[in-house]
Amino acid sequence: MKQLKSGKKSPNRTNVLINKNFLIRVVLDPKNNKKTQLTSANKLSGFINDEELKIRLFEKVLASTKDKVTFMIRNRLKIDFCSK
């Protein structure tokens with residue numbers, strides 16, 4: 001039986017809070033909602049390619065009291081944050 005390794009702890013505490021409290025669903029083509037992916041806060045920067053914008057989105061999500069927050073970025077990327 002294999003022993004599982006413990007995961008690496010993230011130095012960015014904002015990413016930890018987002019991953020702990022929210023599911024992140026990325027819609028790659030907003031016209032066709034069938035192409036969606038679940039992702040983590042760390043991998044989201046690969047979709048956005050702008051670290052400053054990612055931090056602003058996370059601050060808005062953490063400050064929001066809604067269960068679901070949706071952002072449309074550059075008319076090509078739709079990001080849904082759903083609380084757990």
# chains A, B, ... in the order shown; residues from 1 in each chain; ligands from 1
>>> residues_around(residues="Lys60 of chain A", least_positions_apart="4", cutoff="12 Å", atoms="only C-alpha atoms", output="MDAnalysis selection string")
chainID A and resid 14 18 53:56 64:66 68:71 81
>>> write_last_selection(atoms="C-alpha atoms", output="compact mmCIF listing (two decimals), in the first residue's frame")
# COMPACT_ATOMS: atom_id res chain seq x y z
CA THR A 14 -5.25 34.70 -0.20
CA ILE A 18 -10.16 31.19 -1.90
CA LEU A 53 -6.23 41.56 -11.93
CA LYS A 54 -6.36 38.20 -10.16
CA ILE A 55 -5.70 39.84 -6.77
CA ARG A 56 -8.47 42.41 -7.43
CA SER A 64 -18.89 39.78 -1.27
CA THR A 65 -21.74 38.32 0.75
CA LYS A 66 -23.30 36.47 -2.21
CA LYS A 68 -22.10 33.03 -6.38
CA VAL A 69 -19.99 35.75 -7.99
CA THR A 70 -19.40 35.86 -11.76
CA PHE A 71 -16.80 37.85 -13.66
CA PHE A 81 -16.84 31.68 -7.82
>>> select_by_dssp(residues="chain A", states="alpha helix (DSSP H)", output="MDAnalysis selection string")
chainID A and resid 13:21 41:48 51:63
>>> write_last_selection(atoms="N, CA and C atoms", output="PDB file, in the first residue's frame")
ATOM      1  N   ARG A  13      -1.508  33.402   1.221  1.00  0.00           N
ATOM      2  CA  ARG A  13      -2.644  33.091   2.098  1.00  0.00           C
ATOM      3  C   ARG A  13      -3.986  33.425   1.438  1.00  0.00           C
ATOM      4  N   THR A  14      -4.005  34.378   0.493  1.00  0.00           N
ATOM      5  CA  THR A  14      -5.252  34.697  -0.200  1.00  0.00           C
ATOM      6  C   THR A  14      -5.710  33.503  -1.029  1.00  0.00           C
ATOM      7  N   ASN A  15      -4.763  32.852  -1.713  1.00  0.00           N
ATOM      8  CA  ASN A  15      -5.104  31.660  -2.489  1.00  0.00           C
ATOM      9  C   ASN A  15      -5.649  30.558  -1.599  1.00  0.00           C
ATOM     10  N   VAL A  16      -5.101  30.431  -0.417  1.00  0.00           N
ATOM     11  CA  VAL A  16      -5.564  29.405   0.526  1.00  0.00           C
ATOM     12  C   VAL A  16      -7.008  29.678   0.933  1.00  0.00           C
ATOM     13  N   LEU A  17      -7.332  30.932   1.238  1.00  0.00           N
ATOM     14  CA  LEU A  17      -8.707  31.290   1.618  1.00  0.00           C
ATOM     15  C   LEU A  17      -9.692  31.043   0.484  1.00  0.00           C
ATOM     16  N   ILE A  18      -9.292  31.396  -0.737  1.00  0.00           N
ATOM     17  CA  ILE A  18     -10.160  31.192  -1.899  1.00  0.00           C
ATOM     18  C   ILE A  18     -10.402  29.698  -2.117  1.00  0.00           C
ATOM     19  N   ASN A  19      -9.338  28.899  -2.086  1.00  0.00           N
ATOM     20  CA  ASN A  19      -9.482  27.461  -2.324  1.00  0.00           C
ATOM     21  C   ASN A  19     -10.299  26.776  -1.233  1.00  0.00           C
ATOM     22  N   LYS A  20     -10.186  27.262  -0.015  1.00  0.00           N
ATOM     23  CA  LYS A  20     -10.883  26.647   1.114  1.00  0.00           C
ATOM     24  C   LYS A  20     -12.385  26.955   1.091  1.00  0.00           C
ATOM     25  N   ASN A  21     -12.752  28.139   0.615  1.00  0.00           N
ATOM     26  CA  ASN A  21     -14.138  28.586   0.729  1.00  0.00           C
ATOM     27  C   ASN A  21     -14.922  28.635  -0.580  1.00  0.00           C
ATOM     28  N   ALA A  41      -7.133  28.379  -7.231  1.00  0.00           N
ATOM     29  CA  ALA A  41      -6.715  29.779  -7.253  1.00  0.00           C
ATOM     30  C   ALA A  41      -5.309  29.921  -7.836  1.00  0.00           C
ATOM     31  N   ASN A  42      -4.459  28.934  -7.614  1.00  0.00           N
ATOM     32  CA  ASN A  42      -3.101  29.004  -8.149  1.00  0.00           C
ATOM     33  C   ASN A  42      -3.087  28.881  -9.666  1.00  0.00           C
ATOM     34  N   LYS A  43      -3.914  28.001 -10.213  1.00  0.00           N
ATOM     35  CA  LYS A  43      -3.946  27.779 -11.659  1.00  0.00           C
ATOM     36  C   LYS A  43      -4.711  28.860 -12.403  1.00  0.00           C
ATOM     37  N   LEU A  44      -5.495  29.661 -11.692  1.00  0.00           N
ATOM     38  CA  LEU A  44      -6.286  30.704 -12.328  1.00  0.00           C
ATOM     39  C   LEU A  44      -5.409  31.757 -12.993  1.00  0.00           C
ATOM     40  N   SER A  45      -4.220  31.988 -12.467  1.00  0.00           N
ATOM     41  CA  SER A  45      -3.329  32.989 -13.071  1.00  0.00           C
ATOM     42  C   SER A  45      -2.896  32.574 -14.471  1.00  0.00           C
ATOM     43  N   GLY A  46      -2.904  31.271 -14.777  1.00  0.00           N
ATOM     44  CA  GLY A  46      -2.592  30.815 -16.129  1.00  0.00           C
ATOM     45  C   GLY A  46      -3.667  31.205 -17.128  1.00  0.00           C
ATOM     46  N   PHE A  47      -4.926  31.295 -16.669  1.00  0.00           N
ATOM     47  CA  PHE A  47      -6.015  31.707 -17.553  1.00  0.00           C
ATOM     48  C   PHE A  47      -6.061  33.223 -17.722  1.00  0.00           C
ATOM     49  N   ILE A  48      -5.776  33.956 -16.650  1.00  0.00           N
ATOM     50  CA  ILE A  48      -5.921  35.416 -16.676  1.00  0.00           C
ATOM     51  C   ILE A  48      -4.680  36.101 -17.238  1.00  0.00           C
ATOM     52  N   GLU A  51      -1.476  39.124 -12.860  1.00  0.00           N
ATOM     53  CA  GLU A  51      -1.494  38.862 -11.419  1.00  0.00           C
ATOM     54  C   GLU A  51      -2.263  39.952 -10.665  1.00  0.00           C
ATOM     55  N   GLU A  52      -2.140  41.186 -11.092  1.00  0.00           N
ATOM     56  CA  GLU A  52      -2.825  42.294 -10.414  1.00  0.00           C
ATOM     57  C   GLU A  52      -4.349  42.159 -10.542  1.00  0.00           C
ATOM     58  N   LEU A  53      -4.802  41.758 -11.710  1.00  0.00           N
ATOM     59  CA  LEU A  53      -6.229  41.562 -11.929  1.00  0.00           C
ATOM     60  C   LEU A  53      -6.744  40.402 -11.084  1.00  0.00           C
ATOM     61  N   LYS A  54      -5.962  39.359 -10.966  1.00  0.00           N
ATOM     62  CA  LYS A  54      -6.356  38.195 -10.155  1.00  0.00           C
ATOM     63  C   LYS A  54      -6.528  38.595  -8.691  1.00  0.00           C
ATOM     64  N   ILE A  55      -5.616  39.392  -8.167  1.00  0.00           N
ATOM     65  CA  ILE A  55      -5.705  39.840  -6.775  1.00  0.00           C
ATOM     66  C   ILE A  55      -6.947  40.706  -6.564  1.00  0.00           C
ATOM     67  N   ARG A  56      -7.258  41.578  -7.527  1.00  0.00           N
ATOM     68  CA  ARG A  56      -8.466  42.409  -7.425  1.00  0.00           C
ATOM     69  C   ARG A  56      -9.728  41.556  -7.419  1.00  0.00           C
ATOM     70  N   LEU A  57      -9.765  40.520  -8.269  1.00  0.00           N
ATOM     71  CA  LEU A  57     -10.929  39.621  -8.298  1.00  0.00           C
ATOM     72  C   LEU A  57     -11.089  38.906  -6.967  1.00  0.00           C
ATOM     73  N   PHE A  58      -9.984  38.415  -6.410  1.00  0.00           N
ATOM     74  CA  PHE A  58     -10.043  37.701  -5.139  1.00  0.00           C
ATOM     75  C   PHE A  58     -10.522  38.607  -4.017  1.00  0.00           C
ATOM     76  N   GLU A  59     -10.088  39.860  -4.000  1.00  0.00           N
ATOM     77  CA  GLU A  59     -10.534  40.798  -2.969  1.00  0.00           C
ATOM     78  C   GLU A  59     -12.040  41.051  -3.078  1.00  0.00           C
ATOM     79  N   LYS A  60     -12.549  41.180  -4.310  1.00  0.00           N
ATOM     80  CA  LYS A  60     -13.994  41.384  -4.498  1.00  0.00           C
ATOM     81  C   LYS A  60     -14.784  40.169  -4.041  1.00  0.00           C
ATOM     82  N   VAL A  61     -14.269  38.974  -4.342  1.00  0.00           N
ATOM     83  CA  VAL A  61     -14.968  37.747  -3.966  1.00  0.00           C
ATOM     84  C   VAL A  61     -14.995  37.591  -2.453  1.00  0.00           C
ATOM     85  N   LEU A  62     -13.882  37.843  -1.791  1.00  0.00           N
ATOM     86  CA  LEU A  62     -13.823  37.703  -0.341  1.00  0.00           C
ATOM     87  C   LEU A  62     -14.692  38.738   0.367  1.00  0.00           C
ATOM     88  N   ALA A  63     -14.852  39.927  -0.233  1.00  0.00           N
ATOM     89  CA  ALA A  63     -15.660  40.980   0.374  1.00  0.00           C
ATOM     90  C   ALA A  63     -17.157  40.785   0.101  1.00  0.00           C
TER      91      ALA A  63
END
>>> residues_around(residues="segment 30-40 of chain A", least_positions_apart="5", cutoff="7 Å", atoms="only C-alpha atoms", output="ChimeraX atom specification")
/A:19,24-25,76-78
>>> atom_distance(atom1="atom CA of Lys84 of chain A", atom2="atom CA of Met72 of chain A")
21.1 Å
